[in-house]
Every structure is written in structure tokens, then in C-alpha cells.
$ cat input_29.pdb   # PDB, C-alpha atoms
ATOM      1  CA  MET Y 819      27.411 160.893 177.174
ATOM      2  CA  THR Y 820      24.423 159.656 175.193
ATOM      3  CA  SER Y 821      21.295 157.977 176.450
ATOM      4  CA  GLY Y 822      20.386 154.372 175.649
ATOM      5  CA  CYS Y 823      17.763 155.644 173.219
ATOM      6  CA  ASP Y 824      20.318 157.684 171.270
ATOM      7  CA  GLU Y 825      22.708 154.736 171.166
ATOM      8  CA  ARG Y 826      19.985 152.631 169.577
ATOM      9  CA  ALA Y 827      18.634 155.223 167.153
ATOM     10  CA  TRP Y 828      20.398 153.384 164.317
ATOM     11  CA  LEU Y 829      17.933 150.491 164.803
ATOM     12  CA  GLY Y 830      15.312 152.609 163.042
ATOM     13  CA  GLU Y 831      17.472 152.400 159.918
ATOM     14  CA  VAL Y 832      17.556 148.586 159.954
ATOM     15  CA  VAL Y 833      15.540 146.991 157.170
ATOM     16  CA  VAL Y 834      14.139 143.523 157.898
ATOM     17  CA  GLN Y 835      13.076 141.573 154.834
ATOM     18  CA  GLU Y 836      12.621 138.076 153.511
ATOM     19  CA  MET Y 837      15.860 136.137 153.047
ATOM     20  CA  THR Y 838      16.694 135.132 149.482
ATOM     21  CA  GLU Y 839      19.356 132.897 147.985
ATOM     22  CA  SER Y 840      21.324 136.012 147.034
ATOM     23  CA  ASP Y 841      21.733 136.727 150.792
ATOM     24  CA  LEU Y 842      23.358 133.379 151.556
ATOM     25  CA  ASP Y 843      27.028 134.359 151.161
ATOM     26  CA  GLU Y 844      26.571 137.066 153.800
ATOM     27  CA  VAL Y 845      24.389 134.810 155.981
ATOM     28  CA  LEU Y 846      27.021 132.075 155.913
ATOM     29  CA  THR Y 847      29.745 134.578 156.855
ATOM     30  CA  ILE Y 848      27.790 135.596 159.987
ATOM     31  CA  GLU Y 849      26.933 131.922 160.615
ATOM     32  CA  ARG Y 850      30.650 130.995 160.704
ATOM     33  CA  GLN Y 851      31.371 133.912 163.066
ATOM     34  CA  SER Y 852      28.508 132.963 165.385
ATOM     35  CA  PHE Y 853      28.339 129.192 165.811
ATOM     36  CA  PRO Y 854      30.828 126.363 166.416
ATOM     37  CA  SER Y 855      28.944 124.217 163.903
ATOM     38  CA  VAL Y 856      27.361 125.837 160.853
ATOM     39  CA  TRP Y 857      24.557 125.056 158.467
ATOM     40  CA  SER Y 858      25.461 124.410 154.862
ATOM     41  CA  ARG Y 859      24.337 126.521 151.928
ATOM     42  CA  ALA Y 860      22.196 123.539 150.836
ATOM     43  CA  SER Y 861      20.452 123.526 154.240
ATOM     44  CA  TYR Y 862      19.536 127.197 153.868
ATOM     45  CA  GLU Y 863      18.412 126.660 150.280
ATOM     46  CA  ARG Y 864      16.101 123.850 151.479
ATOM     47  CA  GLU Y 865      14.737 126.057 154.254
ATOM     48  CA  LEU Y 866      13.999 128.879 151.805
ATOM     49  CA  ARG Y 867      11.842 126.466 149.775
ATOM     50  CA  ASN Y 868      10.019 125.023 152.812
ATOM     51  CA  ARG Y 869       6.462 126.399 152.941
ATOM     52  CA  ASN Y 870       6.484 126.264 156.774
ATOM     53  CA  SER Y 871       9.723 128.241 157.068
ATOM     54  CA  TYR Y 872      10.203 131.960 157.489
ATOM     55  CA  TYR Y 873      13.723 133.332 157.097
ATOM     56  CA  LEU Y 874      14.415 137.056 157.341
ATOM     57  CA  THR Y 875      17.507 139.221 157.170
ATOM     58  CA  ALA Y 876      18.366 142.539 158.788
ATOM     59  CA  ARG Y 877      20.360 145.091 156.823
ATOM     60  CA  HIS Y 878      21.894 148.321 158.034
ATOM     61  CA  GLN Y 879      23.111 150.737 155.370
ATOM     62  CA  GLY Y 880      23.049 147.859 152.875
ATOM     63  CA  ALA Y 881      25.145 145.423 154.924
ATOM     64  CA  LEU Y 882      23.596 142.224 156.247
ATOM     65  CA  VAL Y 883      23.927 142.494 160.041
ATOM     66  CA  GLY Y 884      21.639 139.716 161.285
ATOM     67  CA  TYR Y 885      19.081 137.090 160.385
ATOM     68  CA  PHE Y 886      16.663 134.582 161.809
ATOM     69  CA  GLY Y 887      14.787 131.514 160.772
ATOM     70  CA  MET Y 888      11.589 130.043 162.121
ATOM     71  CA  TRP Y 889       9.151 127.262 161.360
ATOM     72  CA  ILE Y 890       5.448 127.650 162.034
ATOM     73  CA  VAL Y 891       3.660 124.323 162.155
ATOM     74  CA  LEU Y 892       0.329 123.391 163.760
ATOM     75  CA  GLY Y 893       0.032 126.583 165.801
ATOM     76  CA  GLU Y 894       3.582 126.515 167.133
ATOM     77  CA  ALA Y 895       6.500 128.673 166.051
ATOM     78  CA  HIS Y 896      10.004 127.309 166.465
ATOM     79  CA  ILE Y 897      13.083 129.498 166.094
ATOM     80  CA  THR Y 898      15.642 127.501 164.116
ATOM     81  CA  THR Y 899      18.377 130.134 164.041
ATOM     82  CA  LEU Y 900      19.055 133.708 165.073
ATOM     83  CA  ALA Y 901      22.391 135.431 164.623
ATOM     84  CA  VAL Y 902      23.799 138.945 164.731
ATOM     85  CA  HIS Y 903      27.053 140.081 163.129
ATOM     86  CA  PRO Y 904      29.725 140.371 165.861
ATOM     87  CA  SER Y 905      30.092 144.143 165.273
ATOM     88  CA  TYR Y 906      26.375 144.648 166.004
ATOM     89  CA  ARG Y 907      26.007 142.492 169.116
ATOM     90  CA  ARG Y 908      24.814 143.971 172.414
ATOM     91  CA  ARG Y 909      23.349 146.961 170.568
ATOM     92  CA  GLY Y 910      19.672 145.934 170.486
ATOM     93  CA  LEU Y 911      19.564 144.161 167.136
ATOM     94  CA  GLY Y 912      18.920 140.702 168.604
ATOM     95  CA  GLY Y 913      15.905 142.150 170.398
ATOM     96  CA  ARG Y 914      14.701 143.835 167.225
ATOM     97  CA  LEU Y 915      14.882 140.459 165.441
ATOM     98  CA  LEU Y 916      13.033 138.773 168.317
ATOM     99  CA  ASP Y 917      10.299 141.417 168.026
ATOM    100  CA  HIS Y 918       9.919 140.366 164.380
ATOM    101  CA  VAL Y 919       9.869 136.671 165.313
ATOM    102  CA  ILE Y 920       7.139 137.195 167.905
ATOM    103  CA  ASP Y 921       5.102 139.457 165.620
ATOM    104  CA  LEU Y 922       5.347 136.983 162.742
ATOM    105  CA  ALA Y 923       4.327 134.107 165.015
ATOM    106  CA  ARG Y 924       1.291 136.072 166.244
ATOM    107  CA  ARG Y 925       0.278 137.011 162.691
ATOM    108  CA  HIS Y 926       0.278 133.296 161.848
ATOM    109  CA  SER Y 927      -1.812 132.515 164.956
ATOM    110  CA  ALA Y 928       0.917 130.589 166.762
ATOM    111  CA  ALA Y 929       0.082 129.894 170.397
ATOM    112  CA  ARG Y 930       3.723 129.713 171.466
ATOM    113  CA  VAL Y 931       7.311 130.161 170.335
ATOM    114  CA  THR Y 932      10.007 127.627 171.210
ATOM    115  CA  LEU Y 933      13.763 127.397 170.713
ATOM    116  CA  GLU Y 934      16.862 125.580 171.863
ATOM    117  CA  VAL Y 935      19.958 127.471 173.001
ATOM    118  CA  ARG Y 936      23.383 126.321 174.167
ATOM    119  CA  GLU Y 937      23.450 126.080 177.953
ATOM    120  CA  GLN Y 938      26.616 128.222 178.127
ATOM    121  CA  ASN Y 939      25.216 130.990 175.891
ATOM    122  CA  HIS Y 940      24.319 133.165 178.856
ATOM    123  CA  ALA Y 941      23.893 136.357 176.806
ATOM    124  CA  ALA Y 942      21.311 134.724 174.519
ATOM    125  CA  ILE Y 943      19.477 133.113 177.433
ATOM    126  CA  ALA Y 944      19.281 136.493 179.199
ATOM    127  CA  MET Y 945      17.924 138.139 176.052
ATOM    128  CA  TYR Y 946      15.311 135.433 175.549
ATOM    129  CA  ARG Y 947      14.225 135.706 179.207
ATOM    130  CA  LYS Y 948      13.871 139.489 178.782
ATOM    131  CA  PHE Y 949      11.368 138.751 176.007
ATOM    132  CA  GLY Y 950       9.341 136.370 178.165
ATOM    133  CA  PHE Y 951      10.882 133.034 177.198
ATOM    134  CA  GLU Y 952      11.160 130.595 180.078
ATOM    135  CA  PRO Y 953      13.462 127.567 180.331
ATOM    136  CA  LYS Y 954      11.381 124.390 180.143
ATOM    137  CA  GLY Y 955      13.988 121.659 180.077
ATOM    138  CA  VAL Y 956      17.492 120.563 179.241
ATOM    139  CA  LEU Y 957      18.511 118.350 176.328
ATOM    140  CA  PRO Y 958      21.668 116.503 177.453
ATOM    141  CA  ALA Y 959      24.553 116.664 174.942
ATOM    142  CA  TYR Y 960      22.154 118.170 172.373
ATOM    143  CA  TYR Y 961      24.849 119.930 170.364
ATOM    144  CA  GLY Y 962      26.842 117.225 168.632
ATOM    145  CA  ASP Y 963      29.860 119.423 167.900
ATOM    146  CA  THR Y 964      30.640 120.194 171.562
ATOM    147  CA  ARG Y 965      28.302 117.764 173.399
ATOM    148  CA  GLU Y 966      26.934 120.849 175.176
ATOM    149  CA  ASN Y 967      23.484 120.678 176.688
ATOM    150  CA  GLY Y 968      20.655 122.522 175.005
ATOM    151  CA  VAL Y 969      18.139 124.537 176.989
ATOM    152  CA  VAL Y 970      14.574 124.388 175.657
ATOM    153  CA  MET Y 971      12.851 127.736 176.072
ATOM    154  CA  LEU Y 972       9.206 128.626 175.486
ATOM    155  CA  LYS Y 973       7.131 131.777 175.244
ATOM    156  CA  GLU Y 974       3.366 131.433 175.394
ATOM    157  CA  LEU Y 975       1.547 133.822 173.075
ATOM    158  CA  SER Y 976      -2.058 132.691 173.349
ATOM    159  CA  SER Y 977      -2.683 134.261 176.775
ATOM    160  CA  GLU Y 978      -0.995 137.575 175.952
ATOM    161  CA  GLY Y 979      -2.594 140.727 174.725
ATOM    162  CA  GLN Y 980      -1.583 142.015 171.285
ATOM    163  CA  ALA Y 981      -0.267 145.309 172.693
ATOM    164  CA  GLY Y 982       3.325 144.132 172.886
ATOM    165  CA  ASP Y 983       5.868 142.758 175.280
ATOM    166  CA  SER Y 984       7.346 144.274 178.388
ATOM    167  CA  HIS Y 985      11.041 144.458 177.576
TER     168      HIS Y 985
END

$ encode --input "input_29.pdb" --output "C-alpha cells"
Amino acid sequence: MTSGCDERAWLGEVVVQEMTESDLDEVLTIERQSFPSVWSRASYERELRNRNSYYLTARHQGALVGYFGMWIVLGEAHITTLAVHPSYRRRGLGGRLLDHVIDLARRHSAARVTLEVREQNHAAIAMYRKFGFEPKGVLPAYYGDTRENGVVMLKELSSEGQAGDSH
């Protein structure tokens, strides 16, 4: 039997880097495996050109295994998307990506990070709570594809120390 640390040692091999248009085929594959309604290639291309957007990918042994997108505008960071390849879920990669999100937001002097998540996505909500995000409201029928409610979550950064999170 291995310890949790040993089971997550592979995370040290994950390379997180800026998303480029050449990543989009792999991004869209994970997108289709992760969400009932997906963004188009054109939407990602627009986001990659947006000066307020930050899109990063995670690669393990060359394969794209996750990605996230975020806007930083007027001192607030907003996560637009975060997805992990199904084979890599529940192995710590989502948390590793959230660490990058939070670090990037801090480096750009954001006071808070916000996101919306499907009300029935209990695994994602639990992960976000572990990282200090708190539910702040519900958006009725926010997701047009399923009419599912969206939960607005927020993490304040301005009152935290820079030493890291307790997760």
C-alpha cells in the first residue's frame, strides 16, 4: 500500500504552461469529455487573444491532462473554465491547477477569485471549498443546456497572507 504522497508524486512531473492555439485540439477533446455544453474553437481562439485572459494547460509526459482559463479585470480574478482529463481526475491535478489559478491571481494583485459551478457538481464544489472558496449565491437555471442552477463561489485573497493555503 502506498501513501497519499507517493500516489501524487507524478504531480511533480506535470508541466503547466501558457495555452496556445496548437493545444486546442486536445483542449476541445477534454472539454467534450467534461461538460454537457462545450466552448467552440473560435471561443478559445478569442480568449487566447484577450489581454485580460490567462489560459494555461497541464501536461504529463507530453499529454495534455488539464487546463484552466481565467480573466483578471479590475482587481478581480474570475475562473472561466477548469477541466481535468477523465483519467486524471481525483488524483490531485484539479488542486494543482487551482494552486496555479490562485498564485496567478495574487501575482496580478487580484483581491478575490470568483467562479460559477453547476449545483450538482458536488466533487468540484468540495474541491473549491477545500481551497477556501465559499458559496455566495445561486443563479437559477444558469446553465442553458440543462437549466441547472449555478453556484457562485468566492475566495477572498486580500486578507490572506502570501504563505499559501491550508488544503

$ closest_atom_pairs --input "input_29.pdb" --of "region 863-905 of chain Y" --to "region 942-964 of chain Y" --cutoff "12 Å" --atoms "only C-alpha atoms" --output "Markdown table"
| residue | atom | partner | partner_atom | distance |
| --- | --- | --- | --- | --- |
| Y:Ile897 | CA | Y:Tyr946 | CA | 11.4 |
| Y:Thr899 | CA | Y:Ala942 | CA | 11.8 |
| Y:Leu900 | CA | Y:Ala942 | CA | 9.8 |
| Y:Ala901 | CA | Y:Ala942 | CA | 10.0 |
| Y:Val902 | CA | Y:Ala942 | CA | 10.9 |

$ residues_near_point --input "input_29.pdb" --point "(0.2, 135.3, 162.1)" --cutoff "12 Å" --atoms "only C-alpha atoms" --output "PyMOL selection string"
chain Y and resi 872+890-891+893-895+918-930+975-976+980

$ atom_distance --input "input_29.pdb" --atom1 "CA of Thr838 (chain Y)" --atom2 "CA of Leu866 (chain Y)"
7.2 Å

$ closest_residue --input "input_29.pdb" --among "Y:Ser905, Y:Arg864, Y:Leu972, Y:Leu911" --to "Val931 (chain Y)" --atoms "all atoms listed in the file"
Y:Leu972

$ closest_residue --input "input_29.pdb" --among "Y:Leu846, Y:Ala876, Y:Val832, Y:Gly968" --to "Glu863 (chain Y)" --atoms "all atoms listed in the file"
Y:Leu846

$ atom_distance --input "input_29.pdb" --atom1 "CA of Arg850 (chain Y)" --atom2 "CA of Glu966 (chain Y)"
18.1 Å

$ closest_residue --input "input_29.pdb" --among "Y:Asn939, Y:Thr875, Y:Asn868, Y:Ser855" --to "Leu842 (chain Y)" --atoms "all atoms listed in the file"
Y:Thr875

$ closest_residue --input "input_29.pdb" --among "Y:Leu829, Y:His878, Y:Glu934, Y:Trp889" --to "Met971 (chain Y)" --atoms "all atoms listed in the file"
Y:Glu934

$ closest_residue --input "input_29.pdb" --among "Y:Arg965, Y:Val834, Y:Leu882, Y:Leu933" --to "Asp917 (chain Y)" --atoms "only C-alpha atoms"
Y:Val834

$ closest_residue --input "input_29.pdb" --among "Y:Val883, Y:Val856, Y:Leu874, Y:Met837" --to "Arg909 (chain Y)" --atoms "all atoms listed in the file"
Y:Val883

$ atom_distance --input "input_29.pdb" --atom1 "CA of Gln851 (chain Y)" --atom2 "CA of His896 (chain Y)"
22.6 Å

$ axis_aligned_box --input "input_29.pdb" --around "region 827-836 of chain Y" --padding-each-side "4 Å" --output "lines of an AutoDock Vina configuration file"
center_x = 16.5
center_y = 146.6
center_z = 160.3
size_x = 15.8
size_y = 25.1
size_z = 21.6

$ decode --input "input_29.pdb" --residues "region 845-862 of chain Y" --atoms "N, CA and C atoms" --output "mmCIF file, in the first residue's frame"
data_model
loop_
_atom_site.group_PDB
_atom_site.id
_atom_site.type_symbol
_atom_site.label_atom_id
_atom_site.label_comp_id
_atom_site.auth_asym_id
_atom_site.auth_seq_id
_atom_site.Cartn_x
_atom_site.Cartn_y
_atom_site.Cartn_z
ATOM 1 N N VAL Y 845 -7.428 20.341 -25.974
ATOM 2 C CA VAL Y 845 -8.314 21.040 -25.035
ATOM 3 C C VAL Y 845 -9.764 20.698 -25.349
ATOM 4 N N LEU Y 846 -10.124 20.769 -26.628
ATOM 5 C CA LEU Y 846 -11.512 20.506 -27.010
ATOM 6 C C LEU Y 846 -11.902 19.051 -26.775
ATOM 7 N N THR Y 847 -10.965 18.126 -26.862
ATOM 8 C CA THR Y 847 -11.255 16.727 -26.538
ATOM 9 C C THR Y 847 -11.628 16.605 -25.062
ATOM 10 N N ILE Y 848 -10.823 17.200 -24.175
ATOM 11 C CA ILE Y 848 -11.131 17.165 -22.736
ATOM 12 C C ILE Y 848 -12.421 17.921 -22.461
ATOM 13 N N GLU Y 849 -12.634 19.039 -23.135
ATOM 14 C CA GLU Y 849 -13.850 19.844 -22.980
ATOM 15 C C GLU Y 849 -15.089 18.972 -23.248
ATOM 16 N N ARG Y 850 -15.073 18.224 -24.348
ATOM 17 C CA ARG Y 850 -16.224 17.381 -24.705
ATOM 18 C C ARG Y 850 -16.435 16.254 -23.685
ATOM 19 N N GLN Y 851 -15.358 15.781 -23.070
ATOM 20 C CA GLN Y 851 -15.458 14.722 -22.068
ATOM 21 C C GLN Y 851 -15.882 15.254 -20.705
ATOM 22 N N SER Y 852 -15.847 16.573 -20.528
ATOM 23 C CA SER Y 852 -16.039 17.155 -19.202
ATOM 24 C C SER Y 852 -17.351 17.908 -19.014
ATOM 25 N N PHE Y 853 -17.892 18.476 -20.074
ATOM 26 C CA PHE Y 853 -19.036 19.373 -19.930
ATOM 27 C C PHE Y 853 -20.171 19.006 -20.874
ATOM 28 N N PRO Y 854 -21.426 19.162 -20.423
ATOM 29 C CA PRO Y 854 -22.566 18.891 -21.297
ATOM 30 C C PRO Y 854 -22.639 19.850 -22.492
ATOM 31 N N SER Y 855 -22.172 21.065 -22.292
ATOM 32 C CA SER Y 855 -22.165 22.067 -23.353
ATOM 33 C C SER Y 855 -20.741 22.595 -23.465
ATOM 34 N N VAL Y 856 -20.195 22.617 -24.684
ATOM 35 C CA VAL Y 856 -18.775 22.940 -24.829
ATOM 36 C C VAL Y 856 -18.562 24.273 -25.542
ATOM 37 N N TRP Y 857 -17.409 24.850 -25.262
ATOM 38 C CA TRP Y 857 -16.994 26.051 -25.978
ATOM 39 C C TRP Y 857 -16.518 25.650 -27.369
ATOM 40 N N SER Y 858 -16.633 26.564 -28.288
ATOM 41 C CA SER Y 858 -16.149 26.326 -29.644
ATOM 42 C C SER Y 858 -14.661 26.664 -29.730
ATOM 43 N N ARG Y 859 -14.034 26.171 -30.781
ATOM 44 C CA ARG Y 859 -12.643 26.531 -31.056
ATOM 45 C C ARG Y 859 -12.524 28.055 -31.179
ATOM 46 N N ALA Y 860 -13.477 28.684 -31.863
ATOM 47 C CA ALA Y 860 -13.446 30.143 -32.043
ATOM 48 C C ALA Y 860 -13.498 30.864 -30.695
ATOM 49 N N SER Y 861 -14.268 30.335 -29.745
ATOM 50 C CA SER Y 861 -14.329 30.954 -28.411
ATOM 51 C C SER Y 861 -12.967 30.907 -27.732
ATOM 52 N N TYR Y 862 -12.298 29.754 -27.802
ATOM 53 C CA TYR Y 862 -10.960 29.653 -27.224
ATOM 54 C C TYR Y 862 -9.973 30.558 -27.951
#
